[in-house]
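Novice: Have a peek at model.txt (compact mmCIF, C-alpha atoms).
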```txt
# COMPACT_ATOMS: atom_id res chain seq x y z
CA MET V 1 -11.68 -47.07 -3.74
CA LEU V 2 -10.64 -45.03 -6.75
CA GLU V 3 -10.32 -41.30 -6.19
CA PHE V 4 -11.52 -38.65 -8.64
CA MET V 5 -8.74 -37.98 -11.10
CA ALA V 6 -7.98 -36.36 -14.42
CA ILE V 7 -8.43 -38.89 -17.21
CA ASP V 8 -5.29 -40.08 -18.98
CA PRO V 9 -6.46 -42.28 -21.88
CA ILE V 10 -3.05 -43.91 -22.29
CA GLN V 11 -2.87 -44.93 -18.63
CA LEU V 12 -6.50 -46.06 -18.66
CA THR V 13 -5.83 -48.20 -21.73
CA LYS V 14 -2.93 -49.91 -19.98
CA GLU V 15 -5.04 -50.65 -16.91
CA LEU V 16 -7.88 -52.07 -19.02
CA VAL V 17 -5.61 -54.21 -21.19
CA ASP V 18 -4.12 -55.79 -18.08
CA ILE V 19 -7.58 -57.08 -17.10
CA GLU V 20 -8.41 -60.34 -18.84
CA SER V 21 -11.86 -60.10 -20.44
CA THR V 22 -12.15 -62.62 -23.25
CA THR V 23 -15.75 -63.18 -24.33
CA TYR V 24 -17.90 -64.75 -21.58
CA GLY V 25 -15.35 -63.64 -18.97
CA GLU V 26 -15.88 -59.87 -18.95
CA GLY V 27 -16.90 -59.52 -15.29
CA ALA V 28 -13.61 -58.11 -13.98
CA ALA V 29 -13.45 -55.45 -16.70
CA GLY V 30 -17.05 -54.47 -16.03
CA ALA V 31 -16.40 -54.19 -12.30
CA PHE V 32 -13.35 -52.00 -12.93
CA LEU V 33 -15.28 -49.65 -15.21
CA TYR V 34 -18.22 -49.48 -12.82
CA GLU V 35 -15.93 -48.32 -10.02
CA TYR V 36 -13.84 -46.04 -12.25
CA LEU V 37 -16.84 -44.23 -13.74
CA SER V 38 -18.55 -43.94 -10.37
CA ALA V 39 -15.43 -42.16 -9.12
CA GLN V 40 -15.77 -39.78 -12.06
CA ARG V 41 -19.14 -38.54 -10.71
CA TYR V 42 -21.30 -40.55 -13.12
CA ALA V 43 -24.46 -42.40 -12.21
CA VAL V 44 -23.47 -45.91 -13.30
CA GLU V 45 -25.79 -48.78 -14.14
CA ARG V 46 -25.17 -52.49 -14.62
CA MET V 47 -27.14 -54.36 -17.27
CA ASP V 48 -26.83 -58.07 -16.51
CA VAL V 49 -26.22 -60.37 -19.49
CA ALA V 50 -26.79 -64.11 -19.16
CA GLN V 51 -24.08 -66.65 -19.84
CA PRO V 52 -24.88 -68.89 -22.83
CA ASP V 53 -25.63 -72.57 -22.51
CA ARG V 54 -22.23 -74.26 -22.16
CA THR V 55 -23.51 -77.34 -23.97
CA LEU V 56 -24.28 -75.24 -27.04
CA THR V 57 -21.33 -72.86 -26.72
CA PRO V 58 -18.10 -74.65 -25.73
CA GLY V 59 -15.80 -72.45 -23.68
CA ALA V 60 -18.60 -70.29 -22.29
CA GLY V 61 -17.78 -68.75 -18.93
CA THR V 62 -19.46 -69.27 -15.58
CA GLY V 63 -18.97 -65.88 -13.86
CA GLU V 64 -21.14 -62.78 -13.94
CA ARG V 65 -21.09 -60.52 -16.98
CA PHE V 66 -22.83 -57.22 -17.52
CA ASN V 67 -22.90 -54.08 -19.64
CA VAL V 68 -21.92 -50.78 -18.04
CA TYR V 69 -23.89 -47.59 -18.74
CA ALA V 70 -22.92 -44.19 -17.32
CA ALA V 71 -24.23 -40.62 -17.51
CA LEU V 72 -24.43 -37.68 -15.17
CA PRO V 73 -27.24 -38.11 -12.61
CA GLY V 74 -30.64 -37.27 -14.05
CA VAL V 75 -29.31 -36.61 -17.57
CA THR V 76 -30.99 -37.99 -20.69
CA PRO V 77 -28.10 -38.09 -23.18
CA ASP V 78 -28.24 -36.61 -26.65
CA VAL V 79 -25.26 -38.71 -27.72
CA VAL V 80 -23.87 -42.00 -26.41
CA LEU V 81 -20.32 -43.25 -26.96
CA SER V 82 -20.17 -47.03 -27.03
CA THR V 83 -17.88 -50.00 -27.64
CA HIS V 84 -17.25 -53.46 -26.21
CA MET V 85 -15.31 -54.76 -23.21
CA ASP V 86 -14.69 -58.29 -24.46
CA THR V 87 -11.68 -59.41 -26.47
CA VAL V 88 -10.77 -62.45 -28.50
CA PRO V 89 -8.36 -64.98 -26.94
CA PRO V 90 -5.63 -65.42 -26.00
CA PHE V 91 -5.10 -62.87 -23.26
CA PHE V 92 -1.76 -61.09 -23.01
CA GLY V 93 -1.09 -57.98 -20.96
CA CYS V 94 0.11 -54.52 -21.91
CA THR V 95 3.62 -53.48 -22.86
CA GLU V 96 4.76 -50.24 -24.45
CA ASP V 97 7.48 -48.29 -26.16
CA ASP V 98 7.66 -44.60 -26.97
CA GLU V 99 5.19 -44.89 -29.86
CA PHE V 100 2.84 -47.81 -29.21
CA LEU V 101 0.88 -49.72 -26.60
CA TYR V 102 0.84 -53.49 -27.20
CA GLY V 103 -1.48 -56.13 -25.80
CA ARG V 104 -4.81 -57.85 -26.28
CA GLY V 105 -7.51 -55.21 -26.63
CA THR V 106 -5.23 -52.22 -27.18
CA CYS V 107 -7.08 -51.36 -30.38
CA ASP V 108 -10.06 -53.75 -30.14
CA ALA V 109 -11.44 -52.17 -28.11
CA LYS V 110 -9.98 -51.13 -24.74
CA GLY V 111 -8.03 -48.19 -26.15
CA ILE V 112 -11.34 -47.08 -27.62
CA ILE V 113 -13.01 -47.35 -24.21
CA ALA V 114 -10.30 -45.08 -22.77
CA ALA V 115 -10.63 -42.56 -25.59
CA GLN V 116 -14.41 -42.45 -25.17
CA VAL V 117 -14.18 -41.98 -21.40
CA ALA V 118 -11.73 -39.09 -21.89
CA ALA V 119 -13.94 -37.57 -24.61
CA ALA V 120 -17.06 -37.85 -22.46
CA ASP V 121 -15.30 -36.00 -19.65
CA ARG V 122 -14.63 -33.07 -21.98
CA LEU V 123 -18.10 -33.20 -23.51
CA ARG V 124 -19.94 -33.06 -20.21
CA GLU V 125 -17.77 -30.15 -19.06
CA SER V 126 -18.77 -28.29 -22.25
CA GLY V 127 -22.45 -28.89 -21.57
CA VAL V 128 -23.11 -31.73 -24.04
CA LYS V 129 -25.46 -34.35 -22.63
CA VAL V 130 -23.39 -37.49 -23.10
CA GLY V 131 -23.61 -41.11 -22.03
CA LEU V 132 -21.23 -44.07 -22.12
CA LEU V 133 -22.25 -47.65 -22.96
CA PHE V 134 -19.76 -50.53 -22.74
CA VAL V 135 -21.10 -53.95 -23.66
CA VAL V 136 -20.11 -57.60 -23.52
CA GLY V 137 -20.14 -60.28 -26.18
CA GLU V 138 -19.39 -58.30 -29.33
CA GLU V 139 -16.71 -60.74 -30.46
CA ARG V 140 -19.13 -63.64 -30.42
CA ASP V 141 -22.86 -62.91 -30.61
CA SER V 142 -23.56 -59.27 -29.65
CA ALA V 143 -25.47 -60.53 -26.61
CA GLY V 144 -24.65 -57.42 -24.58
CA ALA V 145 -25.86 -55.11 -27.33
CA ALA V 146 -29.10 -57.08 -27.61
CA VAL V 147 -29.73 -56.60 -23.89
CA ALA V 148 -28.85 -52.89 -24.08
CA ASN V 149 -31.31 -52.45 -26.92
CA THR V 150 -34.14 -53.35 -24.57
CA ARG V 151 -33.06 -50.54 -22.20
CA PRO V 152 -32.40 -47.42 -24.34
CA LYS V 153 -31.82 -44.05 -22.66
CA GLY V 154 -33.39 -41.71 -25.21
CA SER V 155 -30.22 -40.72 -27.08
CA ARG V 156 -30.47 -39.26 -30.57
CA PHE V 157 -27.01 -40.40 -31.70
CA LEU V 158 -24.78 -43.41 -31.09
CA ILE V 159 -21.05 -43.20 -31.79
CA ASN V 160 -19.78 -46.77 -31.84
CA GLY V 161 -16.07 -47.42 -31.52
CA GLU V 162 -14.11 -49.96 -33.56
CA PRO V 163 -10.65 -49.72 -35.17
CA THR V 164 -11.19 -47.53 -38.25
CA ASP V 165 -7.81 -45.71 -38.29
CA ASN V 166 -9.64 -42.60 -37.02
CA ARG V 167 -11.80 -42.51 -40.13
CA LEU V 168 -15.59 -42.28 -40.16
CA ALA V 169 -17.17 -45.41 -41.60
CA LEU V 170 -19.76 -44.94 -44.32
CA ALA V 171 -20.80 -48.60 -44.13
CA SER V 172 -20.04 -51.81 -42.30
CA LYS V 173 -20.54 -55.32 -43.59
CA GLY V 174 -23.03 -57.65 -41.98
CA ALA V 175 -22.28 -61.12 -40.68
CA LEU V 176 -23.99 -64.46 -41.22
CA ARG V 177 -22.69 -67.33 -39.10
CA VAL V 178 -23.52 -70.75 -40.53
CA GLU V 179 -23.11 -74.09 -38.76
CA LEU V 180 -23.17 -77.36 -40.72
CA ARG V 181 -23.51 -80.68 -38.88
CA ALA V 182 -23.27 -83.98 -40.74
CA LYS V 183 -24.21 -87.38 -39.36
CA GLY V 184 -22.83 -90.78 -40.35
CA ARG V 185 -22.40 -94.34 -39.13
CA MET V 186 -19.27 -95.67 -37.46
CA ALA V 187 -17.46 -98.69 -38.83
CA HIS V 188 -13.95 -100.12 -39.04
CA SER V 189 -12.04 -98.13 -41.66
CA ALA V 190 -10.94 -101.36 -43.35
CA TYR V 191 -14.59 -101.95 -44.21
CA PRO V 192 -15.93 -98.56 -45.27
CA GLU V 193 -18.91 -100.17 -46.97
CA LEU V 194 -20.25 -100.99 -43.51
CA GLY V 195 -20.26 -97.36 -42.41
CA GLU V 196 -21.22 -93.93 -43.63
CA SER V 197 -18.68 -91.11 -43.31
CA ALA V 198 -19.98 -87.84 -41.90
CA ILE V 199 -16.68 -86.22 -42.86
CA ASP V 200 -17.07 -87.21 -46.51
CA LYS V 201 -20.53 -85.67 -46.55
CA LEU V 202 -19.32 -82.49 -44.90
CA VAL V 203 -16.28 -82.07 -47.17
CA GLU V 204 -18.42 -82.49 -50.29
CA ALA V 205 -20.98 -80.00 -48.98
CA LEU V 206 -18.29 -77.46 -48.11
CA HIS V 207 -16.78 -77.81 -51.60
CA ASP V 208 -20.13 -76.83 -53.09
CA VAL V 209 -20.68 -73.99 -50.60
CA LEU V 210 -17.30 -72.51 -51.56
CA ALA V 211 -18.35 -72.53 -55.21
CA LEU V 212 -21.49 -70.47 -54.58
CA PRO V 213 -21.55 -67.02 -56.22
CA LEU V 214 -21.86 -64.27 -53.62
CA PRO V 215 -23.39 -60.80 -53.98
CA VAL V 216 -21.26 -57.77 -54.81
CA GLU V 217 -22.13 -54.17 -53.87
CA PRO V 218 -20.35 -51.80 -56.32
CA GLU V 219 -19.58 -49.09 -53.74
CA ILE V 220 -18.66 -51.55 -50.98
CA GLY V 221 -17.16 -54.65 -52.56
CA PRO V 222 -17.97 -58.37 -52.49
CA SER V 223 -19.48 -60.58 -49.85
CA THR V 224 -16.85 -62.97 -48.54
CA LEU V 225 -17.07 -66.46 -47.02
CA ASN V 226 -14.67 -68.10 -44.59
CA ILE V 227 -14.74 -71.67 -43.28
CA GLY V 228 -13.24 -70.98 -39.88
CA LEU V 229 -13.69 -74.26 -38.02
CA ILE V 230 -13.93 -77.95 -38.94
CA GLU V 231 -14.28 -80.77 -36.42
CA GLY V 232 -15.26 -84.41 -36.67
CA GLY V 233 -14.49 -88.07 -36.47
CA ARG V 234 -13.13 -90.35 -33.80
CA ALA V 235 -9.83 -91.76 -35.06
CA PRO V 236 -8.03 -92.41 -38.36
CA ASN V 237 -9.16 -96.06 -38.34
CA VAL V 238 -12.84 -95.28 -37.64
CA ILE V 239 -15.44 -94.19 -40.16
CA ALA V 240 -16.66 -90.83 -38.82
CA ASP V 241 -20.16 -90.73 -37.41
CA LYS V 242 -20.19 -86.95 -36.92
CA ALA V 243 -18.59 -83.81 -38.34
CA GLU V 244 -19.29 -80.10 -38.24
CA ALA V 245 -18.08 -76.86 -39.79
CA HIS V 246 -18.60 -73.21 -38.86
CA ILE V 247 -18.72 -70.60 -41.62
CA LEU V 248 -18.84 -66.81 -41.50
CA VAL V 249 -20.19 -64.82 -44.45
CA ARG V 250 -19.48 -61.07 -44.54
CA LEU V 251 -22.62 -59.52 -46.02
CA VAL V 252 -23.01 -56.54 -48.33
CA GLY V 253 -26.78 -56.87 -48.57
CA PRO V 254 -29.69 -58.98 -47.34
CA SER V 255 -28.90 -62.46 -46.07
CA GLU V 256 -32.04 -64.26 -47.30
CA GLY V 257 -30.70 -65.20 -50.73
CA ILE V 258 -27.44 -66.55 -49.35
CA LYS V 259 -29.32 -68.58 -46.75
CA ARG V 260 -31.51 -70.18 -49.43
CA SER V 261 -28.49 -70.96 -51.60
CA ILE V 262 -26.59 -72.64 -48.75
CA ILE V 263 -29.60 -74.74 -47.73
CA GLU V 264 -30.17 -75.84 -51.34
CA VAL V 265 -26.55 -76.71 -52.11
CA VAL V 266 -25.98 -78.60 -48.84
CA GLY V 267 -29.16 -80.61 -49.29
CA ASP V 268 -29.47 -83.66 -47.05
CA ARG V 269 -25.73 -84.02 -46.51
CA ALA V 270 -25.78 -81.90 -43.33
CA ASP V 271 -28.10 -79.99 -41.05
CA VAL V 272 -27.82 -76.21 -41.52
CA MET V 273 -28.21 -73.70 -38.68
CA PHE V 274 -27.81 -69.92 -38.87
CA SER V 275 -26.58 -68.86 -35.43
CA LEU V 276 -25.96 -65.16 -36.12
CA ASP V 277 -27.41 -62.75 -38.68
CA LEU V 278 -26.29 -59.12 -38.45
CA PRO V 279 -27.27 -56.90 -41.39
CA PHE V 280 -25.16 -54.68 -43.61
CA VAL V 281 -25.33 -51.04 -42.43
CA ARG V 282 -24.90 -47.73 -44.25
CA MET V 283 -24.08 -44.50 -42.38
CA ARG V 284 -23.80 -40.87 -43.38
CA LYS V 285 -20.81 -38.60 -43.79
CA VAL V 286 -20.33 -35.75 -41.33
CA GLY V 287 -18.18 -32.70 -41.95
CA ALA V 288 -14.68 -33.09 -43.34
CA LEU V 289 -13.78 -36.31 -41.50
CA PRO V 290 -11.92 -38.81 -43.68
CA THR V 291 -14.05 -41.88 -44.45
CA MET V 292 -13.73 -45.62 -44.98
CA VAL V 293 -15.82 -48.76 -45.44
CA ALA V 294 -15.60 -51.33 -42.65
CA LYS V 295 -15.36 -54.87 -44.00
CA PHE V 296 -16.08 -56.15 -40.50
CA THR V 297 -19.25 -56.27 -38.40
CA THR V 298 -20.08 -54.28 -35.27
CA ASP V 299 -22.71 -54.09 -32.53
CA ILE V 300 -24.52 -51.31 -34.42
CA PRO V 301 -27.23 -53.58 -35.91
CA LYS V 302 -28.15 -54.67 -32.37
CA LEU V 303 -28.27 -51.10 -30.98
CA THR V 304 -30.99 -49.63 -33.16
CA ALA V 305 -32.84 -48.10 -30.18
CA TRP V 306 -29.87 -45.90 -29.22
CA GLY V 307 -30.07 -43.33 -32.02
CA GLU V 308 -28.58 -42.72 -35.44
CA PRO V 309 -25.33 -44.70 -35.64
CA PHE V 310 -21.81 -43.59 -36.49
CA LEU V 311 -18.64 -45.69 -36.46
CA LEU V 312 -15.23 -44.26 -35.57
CA GLY V 313 -12.19 -45.36 -33.61
CA PRO V 314 -8.40 -45.41 -33.38
CA GLY V 315 -6.21 -48.32 -34.41
CA SER V 316 -6.02 -50.70 -37.35
CA ILE V 317 -8.34 -53.66 -37.81
CA HIS V 318 -5.39 -55.43 -39.48
CA VAL V 319 -3.63 -55.95 -36.14
CA ALA V 320 -6.80 -56.66 -34.14
CA HIS V 321 -7.19 -60.38 -33.30
CA THR V 322 -3.46 -60.95 -33.90
CA PRO V 323 -0.45 -61.58 -31.62
CA LYS V 324 0.83 -58.15 -32.67
CA GLU V 325 -2.17 -56.11 -31.59
CA LYS V 326 -1.15 -52.51 -30.84
CA ILE V 327 -2.28 -48.90 -30.91
CA ALA V 328 -0.30 -45.73 -31.50
CA LYS V 329 -0.40 -43.40 -28.52
CA LYS V 330 -0.65 -40.40 -30.83
CA GLU V 331 -3.63 -41.89 -32.66
CA LEU V 332 -5.35 -42.69 -29.38
CA LEU V 333 -5.04 -39.09 -28.20
CA GLU V 334 -6.15 -37.74 -31.57
CA CYS V 335 -9.32 -39.84 -31.39
CA VAL V 336 -10.33 -38.17 -28.14
CA ASP V 337 -10.47 -34.89 -30.08
CA LEU V 338 -12.36 -36.56 -32.94
CA TYR V 339 -15.01 -37.97 -30.60
CA VAL V 340 -15.46 -34.56 -28.97
CA ASP V 341 -15.73 -32.77 -32.31
CA LEU V 342 -18.10 -35.33 -33.85
CA ALA V 343 -20.42 -35.45 -30.84
CA THR V 344 -20.49 -31.67 -30.54
CA ASP V 345 -21.26 -31.29 -34.25
CA LEU V 346 -24.05 -33.87 -34.16
CA VAL V 347 -25.74 -32.34 -31.14
CA ALA V 348 -25.45 -28.82 -32.56
CA LYS V 349 -26.65 -29.59 -36.08
CA GLY V 350 -28.70 -32.74 -35.67
```
Could you show the structure in this file as structure tokens?
Specialist:
Amino acid sequence: MLEFMAIDPIQLTKELVDIESTTYGEGAAGAFLYEYLSAQRYAVERMDVAQPDRTLTPGAGTGERFNVYAALPGVTPDVVLSTHMDTVPPFFGCTEDDEFLYGRGTCDAKGIIAAQVAAADRLRESGVKVGLLFVVGEERDSAGAAVANTRPKGSRFLINGEPTDNRLALASKGALRVELRAKGRMAHSAYPELGESAIDKLVEALHDVLALPLPVEPEIGPSTLNIGLIEGGRAPNVIADKAEAHILVRLVGPSEGIKRSIIEVVGDRADVMFSLDLPFVRMRKVGALPTMVAKFTTDIPKLTAWGEPFLLGPGSIHVAHTPKEKIAKKELLECVDLYVDLATDLVAKG
């Protein structure tokens, strides 16, 4: 069992990064945090989150996964600090030098977990009613946040953590995940007239999707579209009977118009499914904190029942999801102070 200890966010980050917790396999990280926070005198709660259907989501895990919520016993929090336990693959453990911690999750978002735990310790000692919420699935479908939103704790404010270089986000882009699936008819490639190529249909549809004009928000910037995955066919000498592509659109406004445009331009060349739709979010400025606009998406749209949202965290999004993921130790420690100051200010002024 863990013993009660002073919280060192750098050491806690290292311990968390060394626990593999890619999406759908977050159970070990959740168990560690449950035990760690229990040892810190919190009342800790598990919120179970179901595994997705493996037939629909290749690579989905089989073990248990759950959100972790913590607050002092009997306390209804005014402010909740929250981020996610899952990481993108591949897993690689923590290393360090004098300036940085390196490893999967150092900035996205296990260093943020450590900073929030350290900040919450200081906040509760100062009398602020604070809670901690760590969720699963943010890197894929925000499934943990969706479950948490059915079990709010009465908080007035939610401070969500993502890598913002310790700047307060004034907005974050939404996300629309689009899946195209084309069907064809197999034949020998020497006789293409006897078959119908699903790949040809898909490539032509994708060409037209890429040519679509996308909305621009003057203060935020443009919507962007990325074709992130293409699969299909059987062999070079076989006319392809199936093909699919997965697209992610970063939204700066409502998704309805983009959905209609994609359906119209694809036509009957492929089936269109929208598997994720997270809206664009605006947030307010507080005090003299430096600000930014997050071009990425967060769990905030799925946590609407947890209070007015704010987005702040250490680390750079430019190294998240890369083999060079890292976080500066100095920036990590500075963010503890920022979380304390922001939470205190929100609770005091509303």
Novice: Using all atoms listed in the file, can you list as an MDAnalysis selection string the residues within 12 Å of (-6.0, -52.7, -14.1)?
Specialist: chainID V and resid 2 11:21 28:33 35:36 93:94 110
Novice: Around the point (-23.9, -53.4, -52.1) (coordinates from the file), which residues reach within 10 Å if we count all atoms listed in the file? Answer as an mmCIF file with C-alpha atoms, keeping the file's coordinate frame.
Specialist:
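Here's the written file point13.cif:
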```cif
data_model
loop_
_atom_site.group_PDB
_atom_site.id
_atom_site.type_symbol
_atom_site.label_atom_id
_atom_site.label_comp_id
_atom_site.auth_asym_id
_atom_site.auth_seq_id
_atom_site.Cartn_x
_atom_site.Cartn_y
_atom_site.Cartn_z
ATOM 1 C CA ALA V 171 -20.800 -48.600 -44.130
ATOM 2 C CA LYS V 173 -20.540 -55.320 -43.590
ATOM 3 C CA PRO V 215 -23.390 -60.800 -53.980
ATOM 4 C CA VAL V 216 -21.260 -57.770 -54.810
ATOM 5 C CA GLU V 217 -22.130 -54.170 -53.870
ATOM 6 C CA PRO V 218 -20.350 -51.800 -56.320
ATOM 7 C CA GLU V 219 -19.580 -49.090 -53.740
ATOM 8 C CA ILE V 220 -18.660 -51.550 -50.980
ATOM 9 C CA GLY V 221 -17.160 -54.650 -52.560
ATOM 10 C CA PRO V 222 -17.970 -58.370 -52.490
ATOM 11 C CA SER V 223 -19.480 -60.580 -49.850
ATOM 12 C CA LEU V 251 -22.620 -59.520 -46.020
ATOM 13 C CA VAL V 252 -23.010 -56.540 -48.330
ATOM 14 C CA GLY V 253 -26.780 -56.870 -48.570
ATOM 15 C CA PRO V 254 -29.690 -58.980 -47.340
ATOM 16 C CA PHE V 280 -25.160 -54.680 -43.610
ATOM 17 C CA ARG V 282 -24.900 -47.730 -44.250
#
```
Novice: Give me the residues near Val238 (chain V) as a list in words, where near means some atom within 10 Å (using all atoms listed in the file) and where sequence neighbours in that chain fewer than 4 positions away do not count.
Specialist: Arg185, Met186, Ala187, His188, Ser189, Ala190, Tyr191, Pro192, Gly195, Ser197, Gly233 and Arg234 of chain V
Novice: What's the 8 Å shell around Gly184 (chain V), counting all atoms listed in the file, without same-chain residues fewer than 3 positions away, as JSON, numbers by chain?
Specialist: {"V": [195, 196, 197, 198, 240, 241, 242]}
Novice: Choose the residue, out of V:Gly228, V:Pro301, V:Glu256, V:Pro314, that has the smallest atom-to-atom separation from Lys326 (chain V); count all atoms listed in the file.
Specialist: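 The closest residue to Lys326 (chain V) is V:Pro314.
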Novice: Identify, on the basis of all atoms listed in the file, every residue whose closest approach to region 63-68 of chain V does not exceed 6 Å; exclude the query and any residue fewer than 4 positions from it along the same chain; express the result as a ChimeraX atom specification.
Specialist: /V:26-27,45-49,133-136
Novice: Keeping only C-alpha atoms, write those residues as a PDB file, keeping the file's coordinate frame.
Specialist:
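What landed in part_26.pdb:
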```pdb
ATOM      1  CA  GLU V  26     -15.880 -59.870 -18.950  1.00  0.00           C
ATOM      2  CA  GLY V  27     -16.900 -59.520 -15.290  1.00  0.00           C
ATOM      3  CA  GLU V  45     -25.790 -48.780 -14.140  1.00  0.00           C
ATOM      4  CA  ARG V  46     -25.170 -52.490 -14.620  1.00  0.00           C
ATOM      5  CA  MET V  47     -27.140 -54.360 -17.270  1.00  0.00           C
ATOM      6  CA  ASP V  48     -26.830 -58.070 -16.510  1.00  0.00           C
ATOM      7  CA  VAL V  49     -26.220 -60.370 -19.490  1.00  0.00           C
ATOM      8  CA  LEU V 133     -22.250 -47.650 -22.960  1.00  0.00           C
ATOM      9  CA  PHE V 134     -19.760 -50.530 -22.740  1.00  0.00           C
ATOM     10  CA  VAL V 135     -21.100 -53.950 -23.660  1.00  0.00           C
ATOM     11  CA  VAL V 136     -20.110 -57.600 -23.520  1.00  0.00           C
TER      12      VAL V 136
END
```
Novice: Put a box with edges along x, y and z around all the listed atoms of region 175-179 of chain V, pad it by 5 Å on each side, then give me its centre and sizes in Å, one decimal, as AutoDock Vina command-line options.
Specialist:
```
--center_x -23.1 --center_y -67.6 --center_z -40.0 --size_x 11.7 --size_y 23.0 --size_z 12.5
```
Novice: Env of region 114-125 of chain V: 9 Å cut, atoms = all atoms listed in the file, seq-sep filter 4 positions within chain, self excluded. Answer as a compact mmCIF listing (two decimals) with C-alpha atoms, keeping the file's coordinate frame.
Specialist:
```
# COMPACT_ATOMS: atom_id res chain seq x y z
CA ALA V 6 -7.98 -36.36 -14.42
CA ILE V 7 -8.43 -38.89 -17.21
CA ASP V 8 -5.29 -40.08 -18.98
CA PRO V 9 -6.46 -42.28 -21.88
CA ILE V 10 -3.05 -43.91 -22.29
CA GLN V 11 -2.87 -44.93 -18.63
CA LEU V 12 -6.50 -46.06 -18.66
CA THR V 13 -5.83 -48.20 -21.73
CA LEU V 16 -7.88 -52.07 -19.02
CA LEU V 37 -16.84 -44.23 -13.74
CA GLN V 40 -15.77 -39.78 -12.06
CA LEU V 72 -24.43 -37.68 -15.17
CA VAL V 80 -23.87 -42.00 -26.41
CA LEU V 81 -20.32 -43.25 -26.96
CA SER V 82 -20.17 -47.03 -27.03
CA THR V 83 -17.88 -50.00 -27.64
CA ALA V 109 -11.44 -52.17 -28.11
CA LYS V 110 -9.98 -51.13 -24.74
CA LYS V 129 -25.46 -34.35 -22.63
CA VAL V 130 -23.39 -37.49 -23.10
CA GLY V 131 -23.61 -41.11 -22.03
CA LEU V 132 -21.23 -44.07 -22.12
CA GLY V 161 -16.07 -47.42 -31.52
CA GLY V 313 -12.19 -45.36 -33.61
CA PRO V 314 -8.40 -45.41 -33.38
CA LEU V 332 -5.35 -42.69 -29.38
CA LEU V 333 -5.04 -39.09 -28.20
CA GLU V 334 -6.15 -37.74 -31.57
CA CYS V 335 -9.32 -39.84 -31.39
CA VAL V 336 -10.33 -38.17 -28.14
CA ASP V 337 -10.47 -34.89 -30.08
CA LEU V 338 -12.36 -36.56 -32.94
CA TYR V 339 -15.01 -37.97 -30.60
CA VAL V 340 -15.46 -34.56 -28.97
CA ALA V 343 -20.42 -35.45 -30.84
CA THR V 344 -20.49 -31.67 -30.54
```
Novice: Just the residues within 8 Å of Gly105 (chain V), please, counting only C-alpha atoms, with nothing from its chain fewer than 6 positions along; format it as a VMD selection string.
Specialist: chain V and resid 17 87 111 320 325
Novice: Please, what distance in Å, to one decimal, runs between CA of Lys153 (chain V) and CA of Thr22 (chain V)?
Specialist: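 Calculated distance between CA of Lys153 (chain V) and CA of Thr22 (chain V) is 27.1 Å.
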Novice: From the options V:Cys107, V:Ala39, V:Leu158, V:Val265, which residue's atoms come nearest to Ile327 (chain V), counting all atoms listed in the file?
Specialist: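 Comparing V:Cys107, V:Ala39, V:Leu158, V:Val265 against Ile327 (chain V), the winner is V:Cys107.
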Novice: Measuring atom to atom with all atoms listed in the file, identify which of V:Asp78, V:Asp299, V:Asp86, V:Glu308 is nearest to Pro279 (chain V).
Specialist: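 Looking only at the distances to Pro279 (chain V), the closest residue turns out to be V:Asp299.
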Novice: Could you tell me which of V:Thr106, V:Gln51, V:Thr297, V:Ser261 comes closest to Leu176 (chain V) if we count only C-alpha atoms?
Specialist: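 Among the listed residues, the smallest separation from Leu176 (chain V) belongs to V:Thr297.
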Novice: One number please: CA of Met273 (chain V) to CA of Gly25 (chain V), in Å, one decimal.
Specialist: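 So the answer is 25.6 Å.
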Novice: Mind pulling up the distance from CA of Ala305 (chain V) to CA of Ala288 (chain V)?
Specialist: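 Separating CA of Ala288 (chain V) from CA of Ala305 (chain V) is a distance of 27.0 Å.
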Novice: Select, from V:Tyr34, V:Phe274, V:Tyr69, V:Tyr42, the residue with the minimum atom-to-atom distance to Ile258 (chain V), counting all atoms listed in the file.
Specialist: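 Among the listed residues, V:Phe274 lies closest to Ile258 (chain V).
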Novice: Please rebuild region 236-243 of chain V with N, CA and C atoms and give the result as a PDB file, keeping the file's coordinate frame.
Specialist:
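After the write, result32.pdb holds the following:
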```pdb
ATOM      1  N   PRO V 236      -8.309 -92.134 -36.948  1.00  0.00           N
ATOM      2  CA  PRO V 236      -8.030 -92.410 -38.360  1.00  0.00           C
ATOM      3  C   PRO V 236      -8.549 -93.755 -38.841  1.00  0.00           C
ATOM      4  N   ASN V 237      -8.709 -94.725 -37.934  1.00  0.00           N
ATOM      5  CA  ASN V 237      -9.160 -96.060 -38.340  1.00  0.00           C
ATOM      6  C   ASN V 237     -10.636 -96.299 -38.061  1.00  0.00           C
ATOM      7  N   VAL V 238     -11.405 -95.193 -37.889  1.00  0.00           N
ATOM      8  CA  VAL V 238     -12.840 -95.280 -37.640  1.00  0.00           C
ATOM      9  C   VAL V 238     -13.580 -94.418 -38.656  1.00  0.00           C
ATOM     10  N   ILE V 239     -14.571 -94.987 -39.300  1.00  0.00           N
ATOM     11  CA  ILE V 239     -15.440 -94.190 -40.160  1.00  0.00           C
ATOM     12  C   ILE V 239     -16.185 -93.180 -39.290  1.00  0.00           C
ATOM     13  N   ALA V 240     -16.134 -91.911 -39.675  1.00  0.00           N
ATOM     14  CA  ALA V 240     -16.660 -90.830 -38.820  1.00  0.00           C
ATOM     15  C   ALA V 240     -18.179 -90.838 -38.782  1.00  0.00           C
ATOM     16  N   ASP V 241     -18.716 -90.786 -37.560  1.00  0.00           N
ATOM     17  CA  ASP V 241     -20.160 -90.730 -37.410  1.00  0.00           C
ATOM     18  C   ASP V 241     -20.679 -89.300 -37.228  1.00  0.00           C
ATOM     19  N   LYS V 242     -19.757 -88.332 -37.077  1.00  0.00           N
ATOM     20  CA  LYS V 242     -20.190 -86.950 -36.920  1.00  0.00           C
ATOM     21  C   LYS V 242     -19.104 -86.009 -37.408  1.00  0.00           C
ATOM     22  N   ALA V 243     -19.514 -84.844 -37.886  1.00  0.00           N
ATOM     23  CA  ALA V 243     -18.590 -83.810 -38.340  1.00  0.00           C
ATOM     24  C   ALA V 243     -19.340 -82.495 -38.416  1.00  0.00           C
TER      25      ALA V 243
END
```
